[in-house]
Structures are given as structure tokens and as C-alpha cells.
>>> print(open('query-v1.txt').read())   # compact mmCIF, C-alpha atoms
# COMPACT_ATOMS: atom_id res chain seq x y z
CA MET G 1 -1.84 -23.05 5.02
CA ASP G 2 -1.77 -21.29 1.71
CA ALA G 3 -0.59 -23.73 -0.97
CA THR G 4 -1.11 -21.31 -3.85
CA PRO G 5 2.24 -20.54 -5.48
CA SER G 6 3.21 -16.90 -5.51
CA SER G 7 3.63 -14.98 -8.75
CA LYS G 8 7.36 -15.01 -8.20
CA GLN G 9 7.36 -18.77 -7.89
CA THR G 10 5.13 -19.20 -10.91
CA ARG G 11 7.35 -17.03 -13.06
CA PHE G 12 10.48 -18.77 -11.81
CA LEU G 13 9.09 -22.21 -12.67
CA GLU G 14 7.97 -20.98 -16.09
CA LEU G 15 11.54 -20.10 -16.89
CA LEU G 16 13.08 -23.13 -15.19
CA ARG G 17 11.00 -26.03 -16.48
CA PRO G 18 12.07 -25.89 -20.15
CA LEU G 19 15.69 -26.03 -19.02
CA GLU G 20 15.39 -28.85 -16.49
CA ARG G 21 16.38 -31.66 -18.82
CA GLY G 22 19.47 -29.87 -20.10
CA LEU G 23 20.47 -28.77 -16.63
CA GLU G 24 20.20 -32.30 -15.28
CA THR G 25 22.28 -33.78 -18.11
CA TYR G 26 24.86 -31.05 -17.72
CA ALA G 27 25.06 -31.57 -13.96
CA ARG G 28 25.34 -35.35 -14.31
CA ARG G 29 28.28 -35.02 -16.66
CA LEU G 30 29.97 -32.26 -14.70
CA LEU G 31 29.75 -33.95 -11.30
CA TRP G 32 32.47 -36.27 -10.15
CA ASP G 33 30.12 -38.23 -7.93
CA PRO G 34 26.64 -38.88 -9.43
CA GLN G 35 25.24 -39.27 -5.94
CA ASP G 36 25.73 -35.53 -5.45
CA LEU G 37 23.20 -34.75 -8.18
CA PRO G 38 20.15 -34.22 -5.92
CA ASP G 39 22.16 -31.90 -3.70
CA ALA G 40 23.42 -29.95 -6.69
CA VAL G 41 19.98 -29.53 -8.23
CA GLN G 42 18.22 -28.66 -5.00
CA ALA G 43 20.83 -26.16 -3.88
CA SER G 44 20.91 -24.54 -7.30
CA VAL G 45 17.15 -24.17 -7.49
CA LEU G 46 16.91 -22.74 -4.00
CA HIS G 47 19.79 -20.32 -4.52
CA ALA G 48 18.42 -19.19 -7.86
CA TYR G 49 14.97 -18.69 -6.37
CA ALA G 50 16.36 -16.77 -3.42
CA ALA G 51 18.18 -14.45 -5.83
CA PHE G 52 15.33 -14.30 -8.32
CA ASP G 53 14.32 -10.84 -7.08
CA ARG G 54 17.54 -9.53 -8.58
CA TYR G 55 16.85 -11.21 -11.91
CA ARG G 56 15.89 -8.67 -14.53
CA GLU G 57 13.25 -9.65 -17.02
CA GLY G 58 14.66 -9.86 -20.50
CA THR G 59 18.14 -10.99 -19.49
CA CYS G 60 19.35 -14.51 -20.18
CA PHE G 61 17.82 -16.74 -17.53
CA ARG G 62 19.47 -19.78 -19.08
CA ALA G 63 23.01 -18.47 -18.66
CA TRP G 64 22.14 -17.31 -15.13
CA ILE G 65 20.81 -20.67 -13.94
CA TYR G 66 23.69 -22.55 -15.60
CA THR G 67 26.11 -20.28 -13.78
CA ILE G 68 24.51 -21.08 -10.45
CA LEU G 69 24.44 -24.79 -11.15
CA THR G 70 28.06 -24.77 -12.29
CA ARG G 71 29.16 -23.12 -9.05
CA GLU G 72 27.23 -25.65 -6.97
CA VAL G 73 28.76 -28.55 -8.90
CA PHE G 74 32.26 -27.12 -8.58
CA ALA G 75 31.75 -26.82 -4.82
CA LEU G 76 30.52 -30.42 -4.60
CA ASN G 77 33.43 -31.61 -6.74
CA ARG G 78 35.89 -29.89 -4.43
CA ARG G 79 34.21 -31.58 -1.44
CA HIS G 80 34.33 -34.89 -3.27
CA ALA G 81 38.03 -34.41 -4.00
CA ARG G 82 38.70 -33.80 -0.30
CA ARG G 83 36.75 -36.95 0.61
CA ALA G 84 38.44 -38.98 -2.10
CA ALA G 85 41.81 -38.17 -0.62
CA HIS G 86 40.85 -40.30 2.40
CA GLU G 87 38.72 -42.97 0.80
CA PHE G 88 39.21 -45.84 -1.59
CA HIS G 89 36.78 -46.16 -4.47
CA LEU G 90 36.17 -49.10 -6.77
CA GLY G 91 34.66 -48.68 -10.18
CA ILE G 92 32.37 -51.10 -11.94
CA GLU G 93 35.28 -52.76 -13.73
CA ALA G 94 37.25 -53.17 -10.55
CA LEU G 95 34.23 -54.70 -8.81
CA GLU G 96 33.73 -57.11 -11.71
CA ALA G 97 37.38 -58.06 -11.48
CA LEU G 98 36.75 -58.95 -7.85
CA ALA G 99 33.98 -61.40 -8.83
CA GLY G 100 34.03 -65.10 -8.01
CA PRO G 101 36.14 -67.81 -9.66
CA ASP G 102 33.60 -68.33 -12.43
CA GLY G 103 34.45 -64.87 -13.69
CA GLY G 104 30.84 -63.69 -13.69
CA ALA G 105 29.83 -60.37 -12.32
CA GLU G 106 27.60 -59.97 -9.32
CA PRO G 107 23.89 -60.27 -10.27
CA GLY G 108 23.20 -56.88 -8.73
CA LEU G 109 25.84 -55.19 -10.84
CA ALA G 110 24.63 -56.90 -14.01
CA ALA G 111 21.11 -55.66 -13.32
CA LEU G 112 22.41 -52.10 -13.24
CA GLU G 113 23.58 -52.33 -16.82
CA THR G 114 20.17 -51.95 -18.35
CA ASN G 115 21.16 -49.23 -20.75
CA PRO G 116 22.91 -50.74 -23.80
CA TRP G 117 24.72 -47.43 -24.30
CA GLU G 118 26.51 -47.87 -21.00
CA GLU G 119 27.84 -51.21 -22.18
CA THR G 120 29.49 -49.59 -25.17
CA ILE G 121 31.06 -46.20 -24.67
CA GLU G 122 29.78 -44.90 -21.36
CA PRO G 123 32.66 -46.11 -19.13
CA ASP G 124 35.22 -44.78 -21.58
CA LEU G 125 33.32 -41.52 -21.85
CA VAL G 126 33.21 -41.10 -18.09
CA ARG G 127 36.90 -41.86 -17.79
CA ALA G 128 37.69 -39.40 -20.56
CA LEU G 129 35.60 -36.69 -18.90
CA HIS G 130 37.37 -37.27 -15.62
CA ARG G 131 40.68 -36.54 -17.32
CA LEU G 132 39.52 -32.97 -17.88
CA SER G 133 39.75 -30.24 -15.32
CA ASP G 134 36.51 -28.86 -13.90
CA LEU G 135 36.74 -25.78 -16.09
CA GLU G 136 37.57 -27.72 -19.25
CA ARG G 137 34.70 -30.09 -18.60
CA ALA G 138 32.29 -27.22 -17.98
CA VAL G 139 33.33 -25.42 -21.16
CA LEU G 140 33.05 -28.58 -23.23
CA LEU G 141 29.65 -29.52 -21.80
CA LEU G 142 28.24 -26.02 -22.13
CA ARG G 143 29.25 -26.01 -25.78
CA ALA G 144 28.49 -29.62 -26.73
CA LEU G 145 25.40 -30.28 -24.60
CA SER G 146 23.80 -26.89 -24.12
CA GLY G 147 24.86 -25.20 -27.34
CA PHE G 148 26.25 -22.09 -25.64
CA ARG G 149 28.17 -19.63 -27.79
CA TYR G 150 31.70 -18.83 -26.76
CA ARG G 151 30.67 -15.44 -25.38
CA GLU G 152 27.85 -16.98 -23.36
CA ILE G 153 30.26 -19.51 -21.87
CA SER G 154 32.64 -16.68 -21.05
CA GLU G 155 29.90 -14.82 -19.19
CA ALA G 156 28.49 -17.89 -17.48
CA LEU G 157 31.84 -19.06 -16.14
CA GLY G 158 33.35 -15.62 -15.65
CA ILE G 159 36.45 -16.30 -17.73
CA PRO G 160 37.89 -14.42 -20.75
CA LEU G 161 36.82 -15.36 -24.25
CA GLY G 162 40.33 -16.52 -25.14
CA SER G 163 40.30 -18.89 -22.15
CA VAL G 164 37.03 -20.36 -23.36
CA MET G 165 38.53 -21.13 -26.76
CA GLY G 166 41.70 -22.53 -25.22
CA ASP G 167 39.89 -24.68 -22.67
CA LEU G 168 37.48 -25.96 -25.31
CA ALA G 169 40.28 -26.91 -27.68
CA ARG G 170 42.22 -28.64 -24.90
CA ALA G 171 39.12 -30.48 -23.71
CA ARG G 172 38.35 -31.74 -27.21
CA GLN G 173 41.96 -32.78 -27.74
CA LYS G 174 41.95 -34.77 -24.48
CA MET G 175 38.63 -36.37 -25.34
CA ARG G 176 39.89 -37.32 -28.79
CA ALA G 177 43.00 -38.88 -27.30
CA ALA G 178 41.01 -40.77 -24.67
CA LEU G 179 38.41 -42.01 -27.16
CA ALA G 180 40.76 -42.57 -30.09
CA HIS G 181 40.12 -46.31 -30.09
CA ARG G 182 36.39 -45.55 -30.35
CA SER G 183 36.66 -43.25 -33.34
CA PRO G 184 39.56 -44.40 -35.47
CA GLY G 185 38.43 -42.23 -38.35
CA VAL G 186 39.38 -39.05 -36.53
CA ALA G 187 43.01 -38.82 -35.57
CA PRO G 188 43.72 -36.55 -32.63
CA MET G 189 45.16 -33.29 -33.88
CA ARG G 190 47.66 -31.28 -31.95
CA TRP G 191 46.15 -28.35 -30.18
CA ARG G 192 47.54 -25.06 -31.32
CA SER G 193 47.85 -22.15 -28.99
CA SER G 194 47.61 -19.54 -31.77
CA MET K 1 44.60 -14.56 -51.22
CA LYS K 2 43.38 -18.05 -50.42
CA PRO K 3 44.20 -19.35 -46.94
CA ALA K 4 46.55 -22.31 -46.71
CA CYS K 5 45.38 -25.71 -45.46
CA ASP K 6 47.14 -25.25 -42.10
CA GLN K 7 45.35 -21.98 -41.54
CA VAL K 8 42.00 -23.47 -42.46
CA LEU K 9 42.53 -26.45 -40.19
CA ALA K 10 43.33 -24.06 -37.33
CA TRP K 11 39.90 -22.50 -37.88
CA ARG K 12 38.25 -25.90 -37.94
CA GLU K 13 36.61 -25.87 -34.47
CA ALA K 14 35.58 -22.25 -34.63
CA TYR K 15 34.10 -22.84 -38.08
CA LEU K 16 32.15 -25.89 -36.95
CA ASP K 17 30.99 -23.98 -33.85
CA SER K 18 29.81 -21.13 -36.10
CA GLU K 19 32.04 -18.69 -34.24
CA LEU K 20 33.93 -17.30 -37.22
CA ASP K 21 33.02 -13.94 -38.66
CA ALA K 22 31.17 -14.00 -41.99
CA ARG K 23 34.18 -13.15 -44.13
CA THR K 24 36.46 -15.80 -42.64
CA ALA K 25 33.70 -18.37 -42.73
CA LEU K 26 33.24 -17.67 -46.43
CA GLU K 27 36.99 -18.10 -47.04
CA VAL K 28 36.95 -21.45 -45.23
CA GLN K 29 33.93 -22.53 -47.20
CA GLN K 30 35.60 -21.67 -50.50
CA HIS K 31 38.76 -23.52 -49.45
CA LEU K 32 36.82 -26.63 -48.51
CA ALA K 33 35.10 -26.58 -51.89
CA SER K 34 38.47 -26.72 -53.62
CA CYS K 35 40.40 -28.96 -51.15
CA PRO K 36 39.04 -32.51 -50.72
CA SER K 37 41.61 -33.34 -48.03
CA CYS K 38 40.58 -30.47 -45.76
CA ALA K 39 36.92 -31.15 -46.53
CA ALA K 40 37.38 -34.76 -45.39
CA ARG K 41 39.06 -33.62 -42.16
CA PHE K 42 36.28 -31.13 -41.52
CA ALA K 43 33.60 -33.75 -42.18
CA ALA K 44 35.30 -36.24 -39.85
CA GLU K 45 35.63 -33.62 -37.14
CA SER K 46 31.99 -32.69 -37.53
CA ARG K 47 30.93 -36.32 -37.20
CA TRP K 48 33.12 -36.76 -34.13
CA GLN K 49 31.64 -33.70 -32.43
CA GLN K 50 28.10 -34.82 -33.23
CA GLY K 51 28.86 -38.28 -31.83
CA LEU K 52 30.33 -36.77 -28.70
CA THR K 53 27.30 -34.54 -28.20
CA GLN K 54 25.00 -37.52 -28.69
CA ALA K 55 26.99 -39.68 -26.28
CA LEU K 56 27.14 -36.97 -23.64
CA GLY K 57 23.41 -36.43 -23.87
CA GLN K 58 22.51 -40.05 -23.26
CA THR K 59 22.16 -40.05 -19.51
CA PRO K 60 19.29 -41.40 -17.43
CA LEU K 61 17.00 -38.65 -16.22
CA ASP K 62 15.09 -38.52 -12.96
CA PRO K 63 11.85 -36.50 -13.28
CA ALA K 64 11.23 -36.73 -9.53
CA LEU K 65 14.45 -34.83 -8.96
CA TRP K 66 12.96 -31.55 -10.14
CA ARG K 67 9.59 -32.13 -8.50
CA ARG K 68 11.36 -32.48 -5.15
CA ALA K 69 13.27 -29.28 -5.80
CA GLU K 70 10.03 -27.48 -6.70
CA LEU K 71 8.44 -28.68 -3.47
CA GLU K 72 11.31 -27.06 -1.63
CA LEU K 73 10.41 -23.79 -3.31
CA ALA K 74 7.00 -23.84 -1.65
CA ASP K 75 8.71 -24.01 1.72
CA ALA K 76 11.09 -21.24 0.75
CA ASP K 77 8.21 -18.76 0.51
CA ARG K 78 6.92 -19.46 4.00
CA PRO K 79 8.19 -17.21 6.80
CA ARG K 80 10.61 -19.04 8.99
CA PRO K 81 11.36 -18.49 12.68
CA VAL K 82 14.42 -16.39 13.22
CA THR K 83 17.25 -18.60 14.31
CA ARG K 84 20.72 -17.52 15.16
CA THR K 85 23.21 -19.04 12.85
CA ARG K 86 26.90 -18.96 13.09
CA ASP K 87 28.50 -16.22 11.07
CA ARG K 88 30.87 -18.19 8.87
CA THR K 89 32.44 -15.07 7.46
CA ARG K 90 33.76 -14.13 10.89
CA HIS K 91 37.11 -15.59 11.70
CA GLU K 92 37.18 -17.28 15.07
CA PRO K 93 40.30 -18.77 16.59
CA THR K 94 40.59 -22.41 17.55
CA GLY K 95 42.54 -24.26 20.18
CA TRP K 96 44.06 -22.35 23.04
CA ARG K 97 43.56 -19.05 21.21
CA PHE K 98 39.81 -19.52 21.67
CA TRP K 99 40.19 -18.64 25.36
CA LEU K 100 41.79 -15.33 24.45
CA TRP K 101 38.97 -14.48 22.05
CA PRO K 102 36.93 -11.51 23.31
CA SER K 103 33.60 -12.75 24.59
CA PRO K 104 31.28 -10.28 26.34
CA HIS K 105 29.52 -13.03 28.28
CA ALA K 106 32.73 -14.54 29.58
CA HIS K 107 34.05 -11.16 30.63
CA LEU K 108 30.81 -10.26 32.42
CA GLY K 109 30.87 -13.60 34.22
CA LEU K 110 34.45 -13.12 35.38
CA ALA K 111 33.66 -9.61 36.61
CA ALA K 112 30.67 -10.93 38.59
CA VAL K 113 32.80 -13.60 40.22
CA TRP K 114 35.45 -11.07 41.21
CA ILE K 115 32.86 -8.71 42.70
CA ALA K 116 31.30 -11.57 44.68
CA LEU K 117 34.68 -12.64 46.05
CA LEU K 118 35.48 -9.05 47.05
CA VAL K 119 32.16 -8.65 48.90
CA VAL K 120 32.58 -11.94 50.76
CA HIS K 121 36.12 -11.04 51.75
CA THR K 122 35.05 -7.64 53.06
CA LEU K 123 32.14 -9.00 55.14
CA ASP K 124 34.29 -11.78 56.58
CA ARG K 125 36.67 -9.33 58.36
CA ASP K 126 36.57 -8.92 62.18
CA PRO K 127 35.41 -5.30 62.71
CA VAL K 128 36.78 -5.02 66.27
CA SER K 129 40.18 -6.42 65.55
CA PRO K 130 42.84 -3.73 65.40
CA ALA K 131 44.30 -5.57 62.48
CA ALA K 132 41.12 -4.95 60.47
CA ARG K 133 41.06 -1.18 60.88
CA PRO K 134 40.30 0.60 57.65
CA GLY K 135 43.11 2.41 56.02
CA ARG K 136 45.77 -0.07 57.00
CA THR K 137 47.75 -1.98 54.49
CA ALA K 138 47.97 -5.74 54.60
CA SER K 139 51.52 -5.76 55.90
CA ALA K 140 50.64 -3.30 58.67
CA GLN K 141 47.67 -5.49 59.65
CA VAL K 142 49.94 -8.51 59.79
CA MET K 143 52.43 -6.68 61.96
CA VAL K 144 49.69 -5.60 64.39
CA ALA K 145 48.40 -9.15 64.57
CA LEU K 146 51.88 -10.49 65.25
CA ARG K 147 52.40 -7.90 67.97
CA ASP K 148 49.14 -8.92 69.64
CA GLN K 149 50.17 -12.55 69.58
CA GLN K 150 53.58 -11.70 70.98
CA ARG K 151 51.99 -9.69 73.81
CA LEU K 152 49.72 -12.58 74.67
CA ALA K 153 52.64 -14.99 74.63
CA ASP K 154 54.55 -12.67 76.96
CA GLU K 155 51.63 -12.63 79.33
CA LEU K 156 51.38 -16.39 79.31
CA LEU K 157 55.05 -17.28 79.55
CA GLU K 158 57.38 -14.43 80.50
CA ARG K 159 55.55 -12.48 83.21
CA PRO K 160 55.67 -15.21 85.88
CA ALA K 161 59.38 -15.65 85.30
CA ILE K 162 60.08 -11.94 85.62
CA GLU K 163 57.83 -11.00 88.54
CA PRO K 164 58.66 -12.50 91.90
CA ALA K 165 56.19 -14.77 93.51
CA PRO K 166 53.96 -13.15 96.14
CA ALA K 167 54.53 -13.85 99.82
CA GLY K 168 53.04 -17.04 101.08
CA TYR K 169 53.02 -18.57 97.69
CA PRO K 170 52.81 -21.39 96.95
CA PRO K 171 50.46 -22.66 99.64
CA GLN K 172 51.41 -25.72 101.45
CA SER K 173 48.46 -27.77 100.30
CA ARG K 174 49.39 -27.68 96.65
CA LYS K 175 52.55 -26.66 94.90
CA PRO K 176 52.60 -25.52 91.28
CA SER K 177 54.43 -27.94 89.12
CA SER K 178 55.76 -25.42 86.65
CA ALA K 179 56.03 -21.76 85.82
CA GLY K 180 52.93 -21.90 83.67
CA ASP K 181 50.99 -23.50 86.45
CA GLU K 182 52.23 -20.75 88.70
CA HIS K 183 50.94 -18.09 86.34
CA VAL K 184 47.58 -19.79 86.08
CA HIS K 185 47.24 -19.64 89.82
CA LYS K 186 48.04 -15.95 89.77
CA VAL K 187 45.64 -15.06 87.02
CA LEU K 188 42.71 -16.96 88.39
CA GLY K 189 42.86 -16.01 92.01
CA GLY K 190 45.92 -14.01 92.83
CA GLY K 191 47.53 -16.96 94.62
CA GLY K 192 47.10 -20.44 95.81
CA ALA K 193 44.72 -19.29 98.50
CA GLY K 194 42.24 -18.32 95.83
CA LEU K 195 42.35 -21.80 94.47
CA GLU K 196 41.61 -23.20 97.79
CA ARG K 197 38.62 -20.91 98.22
CA GLN K 198 36.97 -22.17 95.04
CA GLY K 199 36.18 -25.51 96.59
CA PRO K 200 37.39 -29.05 96.35
CA ASN K 201 35.68 -29.81 93.07
CA PHE K 202 38.02 -27.59 91.12
CA THR K 203 40.60 -30.01 89.91
CA CYS K 204 42.53 -27.92 87.39
>>> encode(input="query-v1.txt", output="C-alpha cells")
Amino acid sequence: MDATPSSKQTRFLELLRPLERGLETYARRLLWDPQDLPDAVQASVLHAYAAFDRYREGTCFRAWIYTILTREVFALNRRHARRAAHEFHLGIEALEALAGPDGGAEPGLAALETNPWEETIEPDLVRALHRLSDLERAVLLLRALSGFRYREISEALGIPLGSVMGDLARARQKMRAALAHRSPGVAPMRWRSS
Amino acid sequence: MKPACDQVLAWREAYLDSELDARTALEVQQHLASCPSCAARFAAESRWQQGLTQALGQTPLDPALWRRAELELADADRPRPVTRTRDRTRHEPTGWRFWLWPSPHAHLGLAAVWIALLVVHTLDRDPVSPAARPGRTASAQVMVALRDQQRLADELLERPAIEPAPAGYPPQSRKPSSAGDEHVHKVLGGGGAGLERQGPNFTC
């Protein structure tokens, strides 16, 4: 069996590896269910590689791979929404509320909270992100996490430039409102449509 | 003309995202230099966006995730056996409509069954029967068969009642008990004498 990677594979990985960290963070924040992350990443990589023959050298690989990943995540989110309509989920807080009479959380759940950041703003951040629509969340994450310009977001998501600006403003407004108690110095401003 | 504070605040996000054109960005910059209130709002917004970016970026990463995906790429280059997969783009009916869906295999199977039934039916016919003569319709064949049966019934039942009994019949040794018995005697031997000639073992 020939284990030597082909030139196509080598070139693909050269372009992909510098973006892996950003792609993973973006996918984690965009997904409704974090357990879908391996499926999203694997499907995106395979689909991108299968279509890599159509990729033209010199064009923006980053926008292309983000587009593919966004579509995969949207599909998984839709599947998750269909499942959620028939299931009952409990969050960490709800599970802690179901703890014993001493009021302490389950040892297993406490062990999960190893990241001090998660003990501070992470639950609020996740809740605030879940208040956004898929498109608003994608626009916000592409801008805030990946540093995409408005036009790049427009091309990656296939929406007009004006929609990018509107979705971004709405997403920020919702995040401000949801995290107002975390950042009292910044009062949420009304979003203007003009 | 210097832009008003409301106008500058409306440009706040675009300015902080570096999406304003150079001229407008310069106007905003000049306004902020002369307006401490707007400058404070811009600075607070900038801090909030930086905090949000930092918070969003703090997620646990799984390096093995991408290594597993890269291993899948190695398999993707290998030729795979051709397998028939269902064409999901093709609309197929469900429920009872499925049985009306055109299927070449099902239609060929039904045709084969019909041909087999036709062959068996043709070979099963009695070739000497007048009812099975070629060219006759089913109703004509039925009528011929009924006529044959009626003729046979006439022979069995009506003829002895119509024709007079021959002279010397019945013999004295044995008298027929009924008209049918009488006819049997006539058919088998032409009279009771014939029965007598067949010997004593004949007990019919």
C-alpha cells in the first residue's frame, strides 16, 4: 500500500494547517451541539478535499474552507434542531440544581470545570450566542474571531453586503443586551437600520 | 461640515471594523479628537469588542481532531469499489404509491408470471374434446360441453322410458328394480338374458 501523500494532498494540507485552529474555534462557537464538532470538521475536510481540484491557485482558500465549514455546521444545527424538538436537554446549571440535599454538584460535573474562564463568563457567552440566529452568529464569529472583512463575509456566506452589516449590528446588539451585566461600562445602544 | 455626534456614533462599528472609506474615517477621527463624549463611547465599544473576541477565542482545542481528519484524506485518495448508492435527488413515492412506481424488474416479473400461466393453461386443455377446438370462444365451448352432458343424461335416464322394453324382458329369474336398472341391462347385454349368460359371479 502506498502511504506517500499525493501532491494534491500535500498542497491541500499546506493550505489547511495554518487555519485549523481558527476553523476549530469558529466551528465550536457556531455549533449548537459541541458533540457535532468531529462530524463537522471531518465532513468539511473531506468535502473540501474532494472539491480541491476546482480550487484555483491564488484565490482565497481561507474564505473557501470557511464557507464549506459554515455549510456543514448549518446542516448539523438544523439536524440538532429537529432532534431537540423531540428531546429534553439539561444544561450544567440545571444538572447542578438537581444535585443532592447538601447543594453540592456532582463530582463528575465539578471535574469538568477545569477552565477558570468557563466559571466566569462562558455559560453566559454560550447562552448569548444561542440567542442569535445561525446567520447572525456566523457573521459575528467570522468578523470577531476570524477577522473577515465585510466583503469577505458576504462572499463566504453568499449574502449581500448590506445584510452582513445588518446581521453584524443585530448580533452585537443582542450580545450586548445578553452580557450587559458583565460589561456595565458599555450600555447597549439601539441598532439603527440606516 | 463636521458630522454631528449621532452621525459619528452610527459609524462607530464600521469605523472600529476599519470598513469606512478614508475620507469618512478621517472625519470621524477629527470628531473624536474634539468630542470627549463620543471618544469615550468609541473607546468603551472598542474595549467591549476586544473582550468579546478574547472570550469567544477561549475554547478548548483538540489537536487529534485534525489528525483524524487528515487520516481520512489518505483513504480518500485510494480507489474504492463501485457501490450502488441510492440517488437521493430522485423523488420516490412512499406508502401505497410505491406500488404504482414504475419498476422494470417488477414489470418483467409480472410479465413472466402471466406468460407461464398462459402456457400452463394451454397445455392443460383436452385436445380431443369438442369443447377445446381451436377457434371457439369460451361461451361456445361451455355450450358444447353442456350439450354433451345433456346428451349423456338423456342416454342414461330418458331412453329407457321412451323406448318400449324388448319382448321377453325382464327375464323371470331377475326383475329390474327401476328404470335405470332396466337401462343398464339393455346397455350391457341387450336384455336380461345377456346378464344370465355372464355367469353367476356377476352380482351387479
>>> atom_distance(input="query-v1.txt", atom1="CA of Gln50 (chain K)", atom2="CA of Arg170 (chain G)")
17.5 Å
>>> residues_around(input="query-v1.txt", residues="region 11-18 of chain G", least_positions_apart="2", cutoff="9 Å", atoms="all atoms listed in the file", output="number ranges by chain")
G: 6-9, 20-22, 45, 48-49, 52, 61-62, 65; K: 66, 70
>>> atom_distance(input="query-v1.txt", atom1="CA of His47 (chain G)", atom2="CA of Leu56 (chain K)")
26.4 Å
>>> closest_residue(input="query-v1.txt", among="G:Asp167, G:Glu122, G:Glu136, G:Glu155", to="chain K", atoms="all atoms listed in the file")
G:Glu122
>>> closest_residue(input="query-v1.txt", among="G:Ala178, G:Ala81, G:Ile153, G:Cys60", to="Pro123 (chain G)", atoms="all atoms listed in the file")
G:Ala178
>>> interface_residues(input="query-v1.txt", of="chain K", to="chain G", cutoff="8 Å", atoms="all atoms listed in the file", output="count of residues only")
26
>>> decode(input="query-v1.txt", residues="region 5-13 of chain G", atoms="all heavy atoms", output="PDB file, in the first residue's frame")
ATOM      1  N   PRO G   5       1.754  10.637   0.561  1.00  0.00           N
ATOM      2  CA  PRO G   5       0.656  11.528   0.182  1.00  0.00           C
ATOM      3  C   PRO G   5       0.863  12.077  -1.209  1.00  0.00           C
ATOM      4  O   PRO G   5       1.988  12.349  -1.637  1.00  0.00           O
ATOM      5  CB  PRO G   5       0.707  12.623   1.247  1.00  0.00           C
ATOM      6  CG  PRO G   5       2.086  12.581   1.797  1.00  0.00           C
ATOM      7  CD  PRO G   5       2.547  11.165   1.673  1.00  0.00           C
ATOM      8  N   SER G   6      -0.217  12.244  -1.932  1.00  0.00           N
ATOM      9  CA  SER G   6      -0.127  12.783  -3.279  1.00  0.00           C
ATOM     10  C   SER G   6       0.186  14.279  -3.209  1.00  0.00           C
ATOM     11  O   SER G   6       0.104  14.907  -2.152  1.00  0.00           O
ATOM     12  CB  SER G   6      -1.460  12.564  -3.995  1.00  0.00           C
ATOM     13  OG  SER G   6      -2.470  13.250  -3.305  1.00  0.00           O
ATOM     14  N   SER G   7       0.548  14.837  -4.366  1.00  0.00           N
ATOM     15  CA  SER G   7       0.860  16.269  -4.395  1.00  0.00           C
ATOM     16  C   SER G   7      -0.380  17.092  -4.079  1.00  0.00           C
ATOM     17  O   SER G   7      -0.293  18.152  -3.442  1.00  0.00           O
ATOM     18  CB  SER G   7       1.414  16.640  -5.772  1.00  0.00           C
ATOM     19  OG  SER G   7       0.461  16.343  -6.770  1.00  0.00           O
ATOM     20  N   LYS G   8      -1.501  16.586  -4.502  1.00  0.00           N
ATOM     21  CA  LYS G   8      -2.761  17.285  -4.207  1.00  0.00           C
ATOM     22  C   LYS G   8      -2.999  17.335  -2.700  1.00  0.00           C
ATOM     23  O   LYS G   8      -3.328  18.389  -2.137  1.00  0.00           O
ATOM     24  CB  LYS G   8      -3.913  16.545  -4.900  1.00  0.00           C
ATOM     25  CG  LYS G   8      -5.294  17.042  -4.514  1.00  0.00           C
ATOM     26  CD  LYS G   8      -6.362  16.112  -5.095  1.00  0.00           C
ATOM     27  CE  LYS G   8      -7.740  16.444  -4.524  1.00  0.00           C
ATOM     28  NZ  LYS G   8      -8.761  15.481  -4.965  1.00  0.00           N
ATOM     29  N   GLN G   9      -2.768  16.197  -2.071  1.00  0.00           N
ATOM     30  CA  GLN G   9      -2.987  16.134  -0.621  1.00  0.00           C
ATOM     31  C   GLN G   9      -1.981  17.018   0.121  1.00  0.00           C
ATOM     32  O   GLN G   9      -2.334  17.716   1.073  1.00  0.00           O
ATOM     33  CB  GLN G   9      -2.879  14.682  -0.150  1.00  0.00           C
ATOM     34  CG  GLN G   9      -3.260  14.481   1.293  1.00  0.00           C
ATOM     35  CD  GLN G   9      -3.202  13.016   1.690  1.00  0.00           C
ATOM     36  OE1 GLN G   9      -3.319  12.138   0.847  1.00  0.00           O
ATOM     37  NE2 GLN G   9      -3.009  12.753   2.960  1.00  0.00           N
ATOM     38  N   THR G  10      -0.750  16.982  -0.341  1.00  0.00           N
ATOM     39  CA  THR G  10       0.283  17.804   0.303  1.00  0.00           C
ATOM     40  C   THR G  10      -0.058  19.285   0.210  1.00  0.00           C
ATOM     41  O   THR G  10       0.028  20.025   1.194  1.00  0.00           O
ATOM     42  CB  THR G  10       1.637  17.544  -0.380  1.00  0.00           C
ATOM     43  OG1 THR G  10       1.898  16.144  -0.358  1.00  0.00           O
ATOM     44  CG2 THR G  10       2.754  18.269   0.337  1.00  0.00           C
ATOM     45  N   ARG G  11      -0.471  19.697  -0.981  1.00  0.00           N
ATOM     46  CA  ARG G  11      -0.811  21.105  -1.173  1.00  0.00           C
ATOM     47  C   ARG G  11      -2.037  21.492  -0.330  1.00  0.00           C
ATOM     48  O   ARG G  11      -2.088  22.584   0.265  1.00  0.00           O
ATOM     49  CB  ARG G  11      -1.090  21.361  -2.670  1.00  0.00           C
ATOM     50  CG  ARG G  11      -1.470  22.792  -2.987  1.00  0.00           C
ATOM     51  CD  ARG G  11      -0.330  23.726  -2.699  1.00  0.00           C
ATOM     52  NE  ARG G  11      -0.696  25.125  -2.912  1.00  0.00           N
ATOM     53  CZ  ARG G  11      -0.270  26.122  -2.159  1.00  0.00           C
ATOM     54  NH1 ARG G  11       0.550  25.886  -1.153  1.00  0.00           N
ATOM     55  NH2 ARG G  11      -0.623  27.349  -2.415  1.00  0.00           N
ATOM     56  N   PHE G  12      -2.998  20.594  -0.295  1.00  0.00           N
ATOM     57  CA  PHE G  12      -4.217  20.862   0.477  1.00  0.00           C
ATOM     58  C   PHE G  12      -3.882  21.056   1.960  1.00  0.00           C
ATOM     59  O   PHE G  12      -4.366  21.990   2.607  1.00  0.00           O
ATOM     60  CB  PHE G  12      -5.198  19.699   0.293  1.00  0.00           C
ATOM     61  CG  PHE G  12      -6.482  19.857   1.041  1.00  0.00           C
ATOM     62  CD1 PHE G  12      -7.484  20.696   0.578  1.00  0.00           C
ATOM     63  CD2 PHE G  12      -6.711  19.165   2.217  1.00  0.00           C
ATOM     64  CE1 PHE G  12      -8.673  20.850   1.275  1.00  0.00           C
ATOM     65  CE2 PHE G  12      -7.896  19.304   2.920  1.00  0.00           C
ATOM     66  CZ  PHE G  12      -8.878  20.152   2.443  1.00  0.00           C
ATOM     67  N   LEU G  13      -3.028  20.167   2.480  1.00  0.00           N
ATOM     68  CA  LEU G  13      -2.685  20.267   3.908  1.00  0.00           C
ATOM     69  C   LEU G  13      -1.832  21.499   4.196  1.00  0.00           C
ATOM     70  O   LEU G  13      -1.912  22.082   5.274  1.00  0.00           O
ATOM     71  CB  LEU G  13      -1.961  18.992   4.350  1.00  0.00           C
ATOM     72  CG  LEU G  13      -2.845  17.739   4.377  1.00  0.00           C
ATOM     73  CD1 LEU G  13      -2.035  16.513   4.758  1.00  0.00           C
ATOM     74  CD2 LEU G  13      -4.009  17.929   5.344  1.00  0.00           C
TER      75      LEU G  13
END
